[in-house]
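Trainee: Structure: protein-v9.txt, compact mmCIF, C-alpha atoms.
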# COMPACT_ATOMS: atom_id res chain seq x y z
CA ARG W 804 98.61 114.70 126.73
CA ARG W 805 95.55 116.86 126.16
CA LYS W 806 92.19 115.23 125.53
CA PHE W 807 89.39 116.89 123.62
CA SER W 808 85.65 116.39 124.03
CA VAL W 809 84.61 117.93 120.71
CA VAL W 810 86.21 117.93 117.26
CA ILE W 811 85.46 120.48 114.52
CA MET W 812 86.56 119.81 110.94
CA VAL W 813 86.33 122.72 108.51
CA ARG W 814 87.32 123.11 104.88
CA ALA W 815 89.95 125.80 104.46
CA ASP W 816 87.89 127.70 101.85
CA ILE W 817 84.89 128.31 104.14
CA THR W 818 83.58 131.75 105.04
CA ILE W 819 81.93 131.95 108.47
CA TYR W 820 79.77 134.97 107.76
CA PHE W 821 78.48 135.64 111.28
CA PRO W 822 79.48 134.37 114.75
CA PHE W 823 78.50 131.00 116.13
CA LYS W 824 76.35 130.83 119.22
CA PRO W 825 78.17 130.10 122.52
CA PHE W 826 79.00 126.41 122.87
CA CYS W 827 76.48 125.83 125.68
CA MET W 828 73.64 126.51 123.22
CA TYR W 829 74.56 123.42 121.17
CA ASP W 830 74.03 119.76 122.00
CA VAL W 831 77.64 118.74 121.41
CA SER W 832 76.89 115.14 122.32
CA LYS W 833 75.46 114.68 118.82
CA PRO W 834 77.33 115.36 115.55
CA ARG W 835 76.16 117.93 113.01
CA ARG W 836 77.41 119.10 109.66
CA VAL W 837 76.94 121.38 106.69
CA ARG W 838 77.34 119.21 103.60
CA ASP W 839 80.96 118.01 103.66
CA TRP W 840 82.19 121.54 104.40
CA PHE W 841 81.89 121.59 108.17
CA TYR W 842 81.57 118.98 110.91
CA LEU W 843 81.14 119.37 114.65
CA ALA W 844 81.20 116.07 116.50
CA PRO W 845 81.82 114.61 119.94
CA ARG W 846 85.23 113.01 120.22
CA ALA W 847 83.66 109.56 120.46
CA SER W 848 82.19 109.94 116.95
CA ALA W 849 85.20 111.55 115.31
CA ASP W 850 87.16 108.41 114.41
CA LEU W 851 84.24 106.86 112.55
CA MET W 852 83.48 110.06 110.66
CA PHE W 853 86.99 111.25 109.83
CA SER W 854 89.40 108.31 110.04
CA ALA W 855 87.32 105.31 109.01
CA PRO W 856 86.85 106.34 105.33
CA HIS W 857 90.58 107.03 105.04
CA ASP W 858 91.50 103.70 106.62
CA GLN W 859 89.00 101.81 104.49
CA PHE W 860 90.43 103.24 101.29
CA PHE W 861 94.16 103.04 102.05
CA ASN W 862 93.86 99.58 103.61
CA CYS W 863 92.13 98.47 100.39
CA THR W 864 89.10 97.27 102.37
CA LYS W 865 86.79 98.88 99.83
CA ASN W 866 87.82 100.35 96.52
CA LEU W 867 86.53 103.59 95.05
CA ARG W 868 84.64 102.27 92.04
CA MET W 869 85.27 103.65 88.58
CA GLY W 870 83.05 106.70 88.16
CA GLU W 871 82.16 106.90 91.85
CA ASN W 872 82.84 110.23 93.57
CA VAL W 873 84.18 110.79 97.06
CA ASP W 874 80.78 111.96 98.33
CA ALA W 875 79.27 108.55 97.61
CA TYR W 876 82.26 106.76 99.12
CA ILE W 877 82.06 108.55 102.48
CA ALA W 878 78.22 108.62 102.62
CA PRO W 879 77.91 105.48 104.82
CA PHE W 880 80.04 107.16 107.48
CA ILE W 881 78.16 110.44 107.62
CA HIS W 882 74.56 109.64 106.58
CA HIS W 883 73.50 109.60 110.25
CA VAL W 884 74.93 113.08 110.90
CA ALA W 885 72.25 115.77 110.98
CA GLU W 886 72.51 118.68 108.56
CA ASP W 887 72.35 121.99 110.44
CA GLY W 888 70.97 124.56 108.02
CA ASN W 889 71.33 127.40 110.53
CA LEU W 890 75.12 127.43 110.68
CA PRO W 891 76.83 130.41 108.97
CA ILE W 892 78.97 128.25 106.70
CA MET W 893 79.58 129.01 103.02
CA ILE W 894 82.14 127.60 100.62
CA THR W 895 84.00 130.54 99.07
CA ARG W 896 85.98 130.39 95.87
CA LEU W 897 87.72 133.25 94.11
CA ASP W 898 85.51 135.27 91.76
CA ARG W 899 87.27 134.15 88.59
CA PRO W 900 86.38 132.20 85.46
CA HIS W 901 86.09 128.45 86.04
CA PHE W 902 85.70 128.98 89.81
CA PRO W 903 82.07 127.89 90.25
CA ASN W 904 80.08 129.84 92.82
CA ASN W 905 76.71 128.19 92.45
CA MET W 906 76.00 127.11 96.02
CA CYS W 907 74.22 130.21 97.28
CA ASP W 908 71.05 128.24 97.94
CA ARG W 909 72.89 127.14 101.10
CA PHE W 910 73.34 130.70 102.37
CA ARG W 911 71.22 131.51 105.43
CA ASN W 912 69.89 134.60 107.21
CA PRO W 913 68.41 133.07 110.40
CA GLY W 914 65.64 135.03 112.07
CA ARG W 915 65.13 137.08 108.91
CA LEU W 916 62.11 139.38 108.83
CA GLN W 917 60.24 139.67 105.57
CA SER W 918 61.81 143.06 104.85
CA ASP W 919 65.38 141.88 105.52
CA PRO W 920 67.68 141.12 102.57
CA GLU W 921 67.03 137.83 100.82
CA PRO W 922 70.03 135.59 101.53
CA GLU W 923 70.53 133.78 98.23
CA ASP W 924 70.15 136.73 95.83
CA LYS W 925 71.11 139.77 97.94
CA LEU W 926 73.64 138.60 100.52
CA CYS W 927 75.54 135.50 99.42
CA GLY W 928 77.73 136.97 96.68
CA PRO W 929 78.65 140.28 98.38
CA MET W 930 79.35 138.54 101.69
CA THR W 931 81.44 135.71 100.23
CA TYR W 932 82.97 135.19 96.78
CA GLN W 933 82.33 138.75 95.45
CA ASN W 934 83.60 140.37 98.63
CA PRO W 935 86.52 142.78 97.94
CA PHE W 936 88.51 141.15 100.75
CA ASN W 937 88.27 137.76 99.04
CA LYS W 938 91.69 138.20 97.45
CA LEU W 939 94.56 135.98 98.39
CA ALA W 940 97.22 138.68 98.13
CA LYS W 941 95.64 140.82 100.83
CA GLU W 942 95.38 138.05 103.35
CA VAL W 943 98.77 136.46 102.64
CA SER W 944 100.66 139.75 102.72
CA GLY W 945 98.86 141.02 105.79
CA GLY W 946 98.19 144.27 103.95
CA GLU W 947 94.86 146.01 103.62
CA GLY W 948 92.26 144.42 105.82
CA SER W 949 94.67 142.79 108.27
CA SER W 950 93.34 144.95 111.12
CA THR W 951 89.73 145.06 109.92
CA SER W 952 87.20 143.03 111.89
CA ALA W 953 85.43 140.14 110.18
CA SER W 954 82.05 141.80 110.74
CA ARG W 955 83.20 144.88 108.81
CA MET W 956 84.81 142.80 106.06
CA VAL W 957 81.75 140.67 105.43
CA CYS W 958 79.48 143.72 104.89
CA SER W 959 82.06 145.83 103.04
CA MET W 960 80.02 145.89 99.80
CA PHE W 961 77.00 147.42 101.51
CA LYS W 962 76.43 151.08 102.37
CA PRO W 963 77.70 151.60 105.93
CA ARG W 964 75.26 152.82 108.55
CA THR W 965 75.87 155.26 111.37
CA VAL W 966 74.17 153.98 114.49
CA ALA W 967 73.27 155.74 117.73
CA LEU W 968 73.26 153.21 120.55
CA CYS W 969 71.34 154.55 123.54
CA LEU W 970 71.82 152.78 126.87
CA HIS W 971 69.37 153.73 129.61
CA GLY W 972 69.36 152.53 133.18
CA GLY W 973 70.88 152.59 136.60
CA ALA W 974 74.54 153.36 137.08
CA GLN W 975 75.08 150.07 138.92
CA ALA W 976 74.29 148.07 135.79
CA LEU W 977 77.21 149.68 133.98
CA SER W 978 79.63 148.15 136.48
CA HIS W 979 78.59 144.55 135.70
CA PRO W 980 81.46 143.17 133.56
CA PHE W 981 79.32 140.41 132.01
CA ILE W 982 76.58 142.77 130.86
CA HIS W 983 79.06 145.33 129.53
CA LYS W 984 81.18 142.73 127.72
CA SER W 985 78.14 141.02 126.14
CA GLN W 986 76.87 144.34 124.78
CA LYS W 987 80.28 145.25 123.38
CA ASP W 988 81.14 141.89 121.78
CA ASN W 989 77.69 140.72 120.67
CA LEU W 990 76.17 144.05 119.65
CA VAL W 991 78.66 146.86 119.08
CA ASP W 992 81.48 144.83 117.55
CA ALA W 993 79.19 142.29 115.85
CA LEU W 994 77.19 144.87 113.86
CA GLY W 995 80.34 145.86 111.95
CA THR W 996 79.47 149.50 111.39
CA SER W 997 80.06 152.92 112.94
CA ILE W 998 78.39 153.14 116.35
CA THR W 999 78.27 156.07 118.80
CA THR W 1000 77.15 155.11 122.28
CA PHE W 1001 75.10 157.37 124.53
CA PHE W 1002 74.42 156.72 128.21
CA HIS W 1003 71.37 157.96 130.07
CA VAL W 1004 72.20 157.13 133.65
CA VAL W 1005 69.40 157.18 136.19
CA GLN W 1006 69.73 157.21 139.96
CA ALA W 1007 67.24 155.45 142.16
CA SER W 1008 65.48 157.68 144.72
CA SER W 1009 64.85 156.67 148.31
CA SER W 1010 61.42 155.40 147.21
CA GLY W 1011 63.04 153.08 144.70
CA GLU W 1012 61.88 155.02 141.66
CA ASP W 1013 64.31 156.12 138.97
CA LYS W 1014 65.00 159.81 138.61
Starting from the coordinates I provided, produce the structure as structure tokens.
Mentor:
Amino acid sequence: RRKFSVVIMVRADITIYFPFKPFCMYDVSKPRRVRDWFYLAPRASADLMFSAPHDQFFNCTKNLRMGENVDAYIAPFIHHVAEDGNLPIMITRLDRPHFPNNMCDRFRNPGRLQSDPEPEDKLCGPMTYQNPFNKLAKEVSGGEGSSTSASRMVCSMFKPRTVALCLHGGAQALSHPFIHKSQKDNLVDALGTSITTFFHVVQASSSGEDK
């Protein structure tokens, strides 16, 4: 029987609009959440957060009062959980009448420079509910977009850029699998646009200087 140290609970209608950091960059001994859309918690906290409200209601320990919403009912179980405003989590409904999409104040662009697009007005809609890939038929049928990376999908409403990536350095560095893989996954693939890579390989002289 497999045991887990961390539990993640995510609503099914959530867009994760850029990659999470590697797990070692989070303190997974403490729970965190984004509203009631996303929870990341140590296994020891999971029962209280996820099972206790269910058990309380269906065991008739505490009724849901007339007019009370679910948010208020579960609040005592999650009030201690820190909100993490840096997580790339956004509820995403279809762009149709009576499908409210009024939560863009929660959209984030961490590390944004002043000249970068403003998240709430410029990025949220095109990257989530207005995105052309936000159509059930495409995803269910496995048609258009089934082989497109998430990073390309999420920026599909913006003008694509052609990027020249110039790598400069000693030939030995190119043989390091960790360095090469980190550049490919976390830069080339993550940017989600057309990239041409150029290598300027230098060879160290006997004096130790590059040439």
Trainee: Tell me, as a count of residues only, which residues lie within 9 Å of Gly928 of chain W, counting only C-alpha atoms; anything in the same chain fewer than 6 positions away does not count.
Mentor: 3
Trainee: Record the distance separating atom CA of Pro900 of chain W and atom CA of Glu921 of chain W, expressed in Å with one decimal.
Mentor: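 Those two atoms sit 25.3 Å apart.
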Trainee: Looking at only C-alpha atoms, which of W:Phe821, W:Phe853, W:Phe910, W:Phe981 is the one that sits closest to Leu926 of chain W?
Mentor: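 Residue with the minimum atom-to-atom distance to Leu926 of chain W: W:Phe910.
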Trainee: Between W:Arg804, W:His857, W:Arg846, W:Arg836, which has the minimum distance to Tyr876 of chain W (counting all atoms listed in the file)?
Mentor: W:His857
Trainee: Residues at most 9 Å from Asn912 of chain W, counting all atoms listed in the file, excluding those fewer than 2 positions away in the same chain, as a list in words?
Mentor: Asn889, Pro891, Phe910, Gly914, Arg915, Asp919, Pro920, Glu921, Pro922 and Leu926 of chain W
Trainee: Can you tell me how far atom CA of Leu897 of chain W sits from atom CA of Arg955 of chain W, in Å to one decimal?
Mentor: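 Interatomic distance, atom CA of Leu897 of chain W to atom CA of Arg955 of chain W: 19.3 Å.
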Trainee: If we count all atoms listed in the file, what is near Leu890 of chain W at a cut-off of 8 Å, once residues fewer than 3 positions away on the same chain are taken out, given as a list in words?
Mentor: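 So the residues in contact are Phe823, Val837, Asp887 and Arg911 of chain W.
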Trainee: Which is closer to Arg838 of chain W than all the others in W:Ser959, W:Phe807, W:Ile817, W:Ser954, using all atoms listed in the file?
Mentor: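 Using all atoms listed in the file, Arg838 of chain W sits closest to W:Ile817.
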Trainee: Which residues are near Asp898 of chain W? Cut-off 10 Å, all atoms listed in the file, ignore same chain within fewer than 5 positions. Put them as a ChimeraX atom specification.
Mentor: /W:903-904,928,931-935,937-938
Trainee: What is the distance between atom CA of Arg835 of chain W and atom CA of Gly995 of chain W, in Å to one decimal?
Mentor: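 Atom CA of Arg835 of chain W sits 28.3 Å away from atom CA of Gly995 of chain W.
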Trainee: Pick from W:Asp816, W:Asp858, W:Asp874, W:Asp839: nearest to Thr895 of chain W, with only C-alpha atoms counted?
Mentor: W:Asp816
